[in-house]
Each structure stands twice: as C-alpha cells, then as structure tokens.
Amino acid sequence: MASEPLRVAVGVVQDPAGRVLITRRHAHLHQGGLWEFPGGKIEPAETTENALARELREELGIEAVDSEPLISIPWSYPDRQVVLEVRRVTRYRGHATGLEGQPLSWVLPAHLNATDFPAANRPIIAALRLPAHYVISPDAGDEKGWLAALDRVLARGHRLVQFRVRPARKGRSALAAEALNRCRRAGAWLLINGDPALAEHIGADGLHLPSHQLGRITQRPLPADRWVAASCHNDQELARAATLNLDFAVLSPVAPTASHPHAEPLGWPRFATLVAEATLPVYALGGMRVGDAEVAREHGGQGIAAISGLWDQS
C-alpha cells in the first residue's frame, strides 16, 4: 500500500518592492548549493498556513501576517512522494535573517533563474510570474479594429496575450509583429498559437501549442527563456505538458461555451481534481469571465483564459 505523500509548506515571501525571498541550501544537503523558497514539513495536526508561519519564524525570524495560496505541486522523488503547498506571503513582520546559517537573497521574480533551483521549485517561479488572466485573441477580420481591441486589452492591464489569428490570413506575420510591438510597449507578453516558425521569426515571447501539436512533439520547441504553453483537456495531456517541461497549460472546457456547444464541460470539481495532479500552473478555459479568476484560484488554478470573456472588439 502506497504511503501518504509528505506535505510541505512553501512560502513565497514578497516585500513591498515585489522582490521575493530565496534561501540557499547548505552544500552538504541533498541538492546542496541550489536556491529554494523557504518552508518545511507540515505536521499532522497543522494547516498549511500554520506550518508555514512556524517555519518562517524558525528559519527566518519573521511572522507571516497575510498569505494566499499560489500553487500546489505533487512531486515524485526516488524515495518518496511529496506535495508542495505553496503560499504567497504578502505581509509579514520582522527582518528576515538566516537563523540556520543559510544565505538569503531578495530577487525580483523576473530575475529568478529556474536552473538555480530544484526542479520541484520551478513551477513556483512560473506561477509567481504569470498573471491571473490569459487573453486569447479572436481571428482578425478588420486589422485596424483588431489592433484597437488589443490596445484596449493592454490598457486594462492584461499582460499575457495569445495571438490566435488563422494561418491563412493575408498579412498575418506583419500583424503578429505589430501586436508584439504593442505588447512590448505595454510590458505584456505575446505568445503565438501553433506556429513556432512565426514565433521565432518575430521574436515572440512564447508559443502556445494546441492539443494536437502537444501530442506530436518530442521536446520543448523553444528555449527556457521563452514561454511555452499547451491546450489540454484531460490528465494525460497535462502530464505530457509537464513531461515536455512546458511552462503552463490551459484546461478546457470548464463551463459550457457557445464555441463548443456539444463539448461536455468539466465543471469546477473535476477541474480541481485534475489541477491537483498537475505539476505546472493551469488556467481554466471555457465560458470564463473576468470574475471567474478568483473561482479558478479557489480550485487550484492559476486563473482564467478566455477569448470573448477578456477580449473586447466593440
């Protein structure tokens, strides 16, 4: 009979400047020399929140005041199964000090290098950097109107956009390049749907793989400094996305949607079950509206992805 996984509380402690606190593992420990987010084992009678507060007090001398769930990561080691229950600490009291002699550093999320961390910590970095909303563009009929709608999306503060214009459209490459320019000026990322050659050609921030492409590729198609995401519909596709070291996934359909009226929606309980088994951040897609981002978070998701719910061409 398989033993219960070891539950570990992990804290992403952020200061008012948005920097996060990382600590370095002692050289003699397993994965010594690597950086990690602070935390430790959750005792049987403890909640994640209480365990994290205790660990931060014992390791760093700070008191967590406010925290919220960020991501839960099941992870397999040769000798044990663990679940990292990660919380973002948004307010704390005290001055962080390495009470166990461990080096500390405060780093902006954009400057975190995943290769400096244990593999199990890398999805935490992705979750920390990703926003709650992933905007998927519609096809472009009128180019001027499409770009005006993109400008409105960016003006509303959205920072993750998928370019989902059909490949047969005349002038698609130029439109993608202009969309990338506008995203860059707004401090947003642009991912290209299903076309790695176009993503490389214009220097896009990443690539989004439809599920049929996810099933065909044998390795990650872009280097680690650019986003690679995938559309998934079940646990097998989520597992494949993780095996290929993709950065995040979109899981659908969560709710009924007019674009796929005959597709059976997952519903939030099933979404939560699938996300709990995933080892990368997951967005909910299908019938989503802006206010559903909080619901997705409550069910373990990164947030929501949507076309009509987030894109406005009016």
# chains A, B, ... in the order shown; residues from 1 in each chain; ligands from 1
call {"tool": "residues_around", "arguments": {"residues": "region 71-75 of chain A", "least_positions_apart": "2", "cutoff": "12 Å", "atoms": "only C-alpha atoms", "output": "ChimeraX atom specification"}}
result
/A:4-12,48,68-69,77-88,118-128,130,239,242,248,272-283,296-303
call {"tool": "select_by_dssp", "arguments": {"residues": "region 164-217 of chain A", "states": "strand (DSSP E or B)", "output": "list in words"}}
result
Trp189, Leu190, Leu191, Ile192, Asn193, Gly206, Leu207, His208 and Leu209 of chain A
call {"tool": "write_last_selection", "arguments": {"atoms": "C-alpha atoms", "output": "PDB file, in the first residue's frame"}}
result
ATOM      1  CA  TRP A 189       3.968  39.010 -23.213  1.00  0.00           C
ATOM      2  CA  LEU A 190       2.706  37.755 -26.598  1.00  0.00           C
ATOM      3  CA  LEU A 191       2.522  34.032 -27.369  1.00  0.00           C
ATOM      4  CA  ILE A 192       1.888  32.740 -30.893  1.00  0.00           C
ATOM      5  CA  ASN A 193      -0.672  29.963 -31.321  1.00  0.00           C
ATOM      6  CA  GLY A 206       6.497  32.350 -26.494  1.00  0.00           C
ATOM      7  CA  LEU A 207       4.415  29.695 -28.191  1.00  0.00           C
ATOM      8  CA  HIS A 208       1.042  28.159 -27.380  1.00  0.00           C
ATOM      9  CA  LEU A 209       0.580  24.577 -28.583  1.00  0.00           C
TER      10      LEU A 209
END
call {"tool": "residues_around", "arguments": {"residues": "Asp116 (chain A)", "least_positions_apart": "6", "cutoff": "12 Å", "atoms": "only C-alpha atoms", "output": "ChimeraX atom specification"}}
result
/A:22-25,31-37,122,125
call {"tool": "closest_residue", "arguments": {"among": "A:Gly145, A:His30, A:Gly171, A:Ala132", "to": "Arg159 (chain A)", "atoms": "only C-alpha atoms"}}
result
A:Ala132
call {"tool": "select_by_dssp", "arguments": {"residues": "region 162-218 of chain A", "states": "alpha helix (DSSP H)", "output": "tab-separated table (two decimals) with C-alpha atoms, in the first residue's frame"}}
result
chain	number	residue	atom	x	y	z
A	172	ARG	CA	-0.61	37.54	-40.58
A	173	SER	CA	3.14	37.82	-39.94
A	174	ALA	CA	3.09	41.63	-40.12
A	175	LEU	CA	0.04	41.75	-37.84
A	176	ALA	CA	1.78	39.47	-35.32
A	177	ALA	CA	4.88	41.69	-35.40
A	178	GLU	CA	2.79	44.80	-34.77
A	179	ALA	CA	0.92	43.05	-31.95
A	180	LEU	CA	4.26	42.12	-30.40
A	181	ASN	CA	5.44	45.74	-30.60
A	182	ARG	CA	2.31	46.95	-28.83
A	183	CYS	CA	2.59	44.26	-26.17
A	184	ARG	CA	6.24	45.12	-25.55
A	185	ARG	CA	5.40	48.82	-25.10
A	186	ALA	CA	2.76	47.84	-22.53
A	196	PRO	CA	6.86	28.01	-33.88
A	197	ALA	CA	8.35	29.39	-37.12
A	198	LEU	CA	6.36	32.63	-36.76
A	199	ALA	CA	7.24	32.85	-33.08
A	200	GLU	CA	10.93	32.56	-33.95
A	201	HIS	CA	10.65	34.91	-36.93
A	202	ILE	CA	9.21	37.85	-35.00
A	211	SER	CA	-3.52	19.81	-28.05
A	212	HIS	CA	-2.93	18.06	-31.40
A	213	GLN	CA	0.57	19.59	-31.57
A	214	LEU	CA	1.24	18.68	-27.95
call {"tool": "residues_around", "arguments": {"residues": "Gly291 (chain A)", "least_positions_apart": "2", "cutoff": "10 Å", "atoms": "only C-alpha atoms", "output": "VMD selection string"}}
result
chain A and resid 288 to 289 293 to 296 303 to 304 309
call {"tool": "residues_around", "arguments": {"residues": "region 89-96 of chain A", "least_positions_apart": "6", "cutoff": "9 Å", "atoms": "only C-alpha atoms", "output": "list in words"}}
result
Gly11, Val12, Val13, Gln14, Asp15, Pro16, Leu21, Leu56, Glu59, Leu60, Gly61, Ile62, Glu63, Ala64, Val65, Asp66, Ser67, Glu68, Pro69 and Leu104 of chain A
